[in-house]
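J.: Sharing a structure, written as structure tokens. Questions coming.
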Amino acid sequence: MAQKLLVLVGTRKGAFVLESDAGRRSWALRGPFCETWPMNHVVADQTTGTIYGGGGNEWFGPAIWKSTDFGASWTHSSDGLAYAAGETPIKSVWSVAPAGGSLYAGVEPAGLFRSDDAGQSWRHVAGLRDHPTRPDWQPGGAGLILHSLVPHPTDERKIWVAISAAGVFHTADGGETWEPRNQGTRADFLPAGENYPEFGQCVHCLVMAPGMEDRLYQQNHCGMYRSDDGGRRWESIEAGLPSSFGFPAAVHPRDPATLYLLPLNGDTAGRYVPEARAAVWRTRDGGESWRALRDGLPQQNAFFGVLRQAMATDRLDPAGIYFGTSTGALYASADEGDSWNCIAQHLPTICSVETLVVDG
């Protein structure tokens, strides 16, 4: 059966779609879409093929965009995407995640919303902001944002979220109650002796391993971590990496021990790739060891960063890996990271990268 691959790109000036066949040798670029709104996250429902985009800012307000024809046409809605009167208004949508028959959105200031009608209307999942730690949540560099949404693949009641800078939280009852899950992750920016708090860590990205619902990987402001018990305890896996600082993490579509990272040189050293030489780092053993993948990537004068949602894999075999840069370049590997090609240039700053494989 013929397959078509879409790479979905969210940028500071709208959404773009790159399209190829399963060979991934040539690409066609479409866009910008969404009326060039800032788009923090563009993602597809892998079951229906519907594409959703979350974005906005203080000028536009928050909204979820939607396309049911692979990006040819779009609609958007913000119905219900608001806090109660008197609360700080929502600036933007930062993350979108289909889960079963529902759709979730993470917003700034940090909070969670749910839609049961494919994004037409939204309701606030108030249990998260009602958590007793909420008055002490502090914004990270990008604001107080809920940027990572990790639904359980078979139990719709279970969801993990990551908030900068409040940490990882988990619900087992559909959002009524939440539990911080940060034990073992550092907060080096806190005073000595207070570096391992119950909450307050600056998580940068949270992803789930395929086929192992209790295995989570976390790229943090202060290290790289793995949990094998759903986030109750975290183990550092940063040994062997050039830096403990970075934003994106992407899991292999089938192998729970394979993970991809793109470390940066540090939070106060420019936030670009170390030594201005681009590399994606891959582990095949759950973080016990790492290998730098550089073939085809720029090895001098590469002063770009890669944002927290700007790396993804596809489900083809061998798996494809993709990342987008702060300078608007999109890189792709069709051989699980062994070699790379630049498949788009001169886009606006890339905020997110996701994929959709269409059969037939």
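In the structure tokens, chains take letters A, B, ... by order of appearance, with residues numbered from 1 within each chain and ligands from 1 in the order shown.
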If you run DSSP on this backbone, which residues of stretch 16-151 of chain A come out as strand (DSSP E), and could you give them as a ChimeraX atom specification?

T.: /A:16-21,28-33,39-44,51-57,61-67,75-77,92-99,102-108,111-115,123-124,145-151

J.: Within 7 Å of A:Ala278, counting only C-alpha atoms, which residues qualify if same-chain residues fewer than 4 places away don't, as an mmCIF file with C-alpha atoms, in the first residue's frame?

T.:
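Heads up, here's the output in part_17.cif:
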```
data_model
loop_
_atom_site.group_PDB
_atom_site.id
_atom_site.type_symbol
_atom_site.label_atom_id
_atom_site.label_comp_id
_atom_site.auth_asym_id
_atom_site.auth_seq_id
_atom_site.Cartn_x
_atom_site.Cartn_y
_atom_site.Cartn_z
ATOM 1 C CA VAL A 273 24.518 23.705 19.708
ATOM 2 C CA ARG A 294 26.588 14.479 12.663
ATOM 3 C CA LEU A 297 24.642 18.492 9.714
ATOM 4 C CA PRO A 298 26.609 21.780 9.764
ATOM 5 C CA GLN A 299 29.880 21.425 11.666
ATOM 6 C CA ALA A 302 25.956 26.735 13.570
#
```

J.: Skip A:Val203 itself and residues of its chain fewer than 5 positions away, then list as a VMD selection string all residues within 12 Å of it, counting only C-alpha atoms.

T.: chain A and resid 139 to 142 144 to 148 161 to 169 181 to 182 185 to 187 217 to 225 245 to 249 308

J.: How would the residues just chosen look if you wrote them out with C-alpha atoms as a PDB file, in the first residue's frame?

T.:
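Output below, filename part04.pdb:
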```
ATOM      1  CA  PRO A 139       7.268  31.040  35.188  1.00  0.00           C
ATOM      2  CA  GLY A 140      10.238  29.804  33.186  1.00  0.00           C
ATOM      3  CA  GLY A 141      11.956  31.842  30.522  1.00  0.00           C
ATOM      4  CA  ALA A 142       9.034  31.456  28.105  1.00  0.00           C
ATOM      5  CA  LEU A 144       4.286  29.825  32.965  1.00  0.00           C
ATOM      6  CA  ILE A 145       3.394  27.312  30.263  1.00  0.00           C
ATOM      7  CA  LEU A 146       1.933  23.816  30.058  1.00  0.00           C
ATOM      8  CA  HIS A 147       3.964  22.578  27.112  1.00  0.00           C
ATOM      9  CA  SER A 148       3.988  18.762  27.326  1.00  0.00           C
ATOM     10  CA  VAL A 161       1.692  17.087  31.971  1.00  0.00           C
ATOM     11  CA  ALA A 162       4.870  19.154  32.248  1.00  0.00           C
ATOM     12  CA  ILE A 163       4.884  22.808  33.241  1.00  0.00           C
ATOM     13  CA  SER A 164       7.721  25.321  33.186  1.00  0.00           C
ATOM     14  CA  ALA A 165       8.572  25.899  35.938  1.00  0.00           C
ATOM     15  CA  ALA A 166       6.329  23.760  38.134  1.00  0.00           C
ATOM     16  CA  GLY A 167       7.377  20.242  37.119  1.00  0.00           C
ATOM     17  CA  VAL A 168       5.616  17.045  36.106  1.00  0.00           C
ATOM     18  CA  PHE A 169       2.102  16.262  37.332  1.00  0.00           C
ATOM     19  CA  ARG A 181       5.993  13.442  40.045  1.00  0.00           C
ATOM     20  CA  ASN A 182       9.426  15.034  40.305  1.00  0.00           C
ATOM     21  CA  THR A 185      15.021  15.734  39.253  1.00  0.00           C
ATOM     22  CA  ARG A 186      17.199  18.723  40.132  1.00  0.00           C
ATOM     23  CA  ALA A 187      16.441  22.396  40.367  1.00  0.00           C
ATOM     24  CA  TYR A 217      11.955  10.461  29.347  1.00  0.00           C
ATOM     25  CA  GLN A 218      12.416  14.050  30.445  1.00  0.00           C
ATOM     26  CA  GLN A 219      14.691  16.790  29.154  1.00  0.00           C
ATOM     27  CA  ASN A 220      15.002  19.254  31.991  1.00  0.00           C
ATOM     28  CA  HIS A 221      16.641  22.635  32.429  1.00  0.00           C
ATOM     29  CA  CYS A 222      18.931  20.774  34.840  1.00  0.00           C
ATOM     30  CA  GLY A 223      19.639  17.401  33.279  1.00  0.00           C
ATOM     31  CA  MET A 224      18.251  14.488  31.299  1.00  0.00           C
ATOM     32  CA  TYR A 225      16.195  11.810  33.045  1.00  0.00           C
ATOM     33  CA  PHE A 245      20.849  21.516  29.053  1.00  0.00           C
ATOM     34  CA  GLY A 246      18.537  21.236  26.060  1.00  0.00           C
ATOM     35  CA  PHE A 247      14.907  21.360  25.029  1.00  0.00           C
ATOM     36  CA  PRO A 248      13.582  18.617  22.690  1.00  0.00           C
ATOM     37  CA  ALA A 249      13.403  14.853  23.109  1.00  0.00           C
ATOM     38  CA  ARG A 308      11.160  21.995  23.045  1.00  0.00           C
TER      39      ARG A 308
END
```

J.: Can you pull out the residues contacting stretch 126-133 of chain A? Cut-off 12 Å, using only C-alpha atoms, and skip same-chain residues under 6 positions away; I want them as a count of residues only.

T.: 39

J.: For A:Ala22, please output as a PyMOL selection string all residues within 9 Å (counting only C-alpha atoms; exclusion window: fewer than 4 positions along the same chain).

T.: chain A and resi 2-5+316+357

J.: Grab the residues selected above and save them as an mmCIF file, in the first residue's frame with N, CA and C atoms.

T.:
```
data_model
loop_
_atom_site.group_PDB
_atom_site.id
_atom_site.type_symbol
_atom_site.label_atom_id
_atom_site.label_comp_id
_atom_site.auth_asym_id
_atom_site.auth_seq_id
_atom_site.Cartn_x
_atom_site.Cartn_y
_atom_site.Cartn_z
ATOM 1 N N ALA A 2 0.610 2.180 -0.893
ATOM 2 C CA ALA A 2 1.384 3.411 -0.964
ATOM 3 C C ALA A 2 1.143 4.242 0.285
ATOM 4 N N GLN A 3 2.193 4.894 0.749
ATOM 5 C CA GLN A 3 2.097 5.732 1.926
ATOM 6 C C GLN A 3 2.586 7.137 1.614
ATOM 7 N N LYS A 4 1.956 8.105 2.256
ATOM 8 C CA LYS A 4 2.331 9.505 2.144
ATOM 9 C C LYS A 4 2.716 9.996 3.535
ATOM 10 N N LEU A 5 3.805 10.759 3.593
ATOM 11 C CA LEU A 5 4.270 11.284 4.864
ATOM 12 C C LEU A 5 4.113 12.803 4.878
ATOM 13 N N LEU A 316 7.605 5.110 10.018
ATOM 14 C CA LEU A 316 8.068 4.280 8.916
ATOM 15 C C LEU A 316 9.247 3.412 9.368
ATOM 16 N N VAL A 357 1.706 9.817 8.988
ATOM 17 C CA VAL A 357 1.797 8.886 7.879
ATOM 18 C C VAL A 357 0.397 8.521 7.434
#
```

J.: Pick the closest to A:Pro151 from A:Trp27, A:Trp234, A:Tyr104, A:Phe60: which is it, counting only C-alpha atoms?

T.: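 Result for the nearest residue to A:Pro151: A:Tyr104.
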
J.: Please indicate the distance in Å from atom CA of A:Trp122 to atom CA of A:Thr154, rounded to one decimal place.

T.: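 Going from atom CA of A:Trp122 over to atom CA of A:Thr154 covers 22.3 Å.
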
J.: For A:Phe303, which residue among A:Ala269, A:Val280, A:Ala250, A:Ala63 is the nearest when counting only C-alpha atoms?

T.: A:Ala269

J.: Measuring between only C-alpha atoms, which one of A:Leu29, A:Leu259, A:Val150, A:Ala292 shows the shortest distance to A:Gly230?

T.: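 Under the stated criterion, the closest residue is A:Val150.
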
J.: Between A:Gly360, A:Pro348, A:Gly80, A:Gly53, which is the closest to A:Pro98 once you count only C-alpha atoms?

T.: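 For A:Pro98, the nearest of the candidates is A:Gly53.
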
J.: Distance atom CA of A:Ser352-atom CA of A:Arg277, one decimal place?

T.: 21.5 Å

J.: Separation of atom CA of A:Pro62 and atom CA of A:Ser121, in Å?

T.: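 Atom-to-atom, atom CA of A:Pro62 to atom CA of A:Ser121, that is 12.7 Å.
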
J.: Residues within 6 Å of A:Trp340, please, as a list in words. Count only C-alpha atoms; anything in the same chain fewer than 3 positions from it doesn't count.

T.: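 So, after excluding close chain neighbours, the residues are Gly296, Ala332 and Ser333 of chain A.
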
J.: Write to file, as a PDB file, in the first residue's frame, the residues of the selection just made, with C-alpha atoms.

T.:
```
ATOM      1  CA  GLY A 296      25.035  15.944   6.904  1.00  0.00           C
ATOM      2  CA  ALA A 332      15.487  15.142   8.192  1.00  0.00           C
ATOM      3  CA  SER A 333      16.995  11.680   8.471  1.00  0.00           C
TER       4      SER A 333
END
```
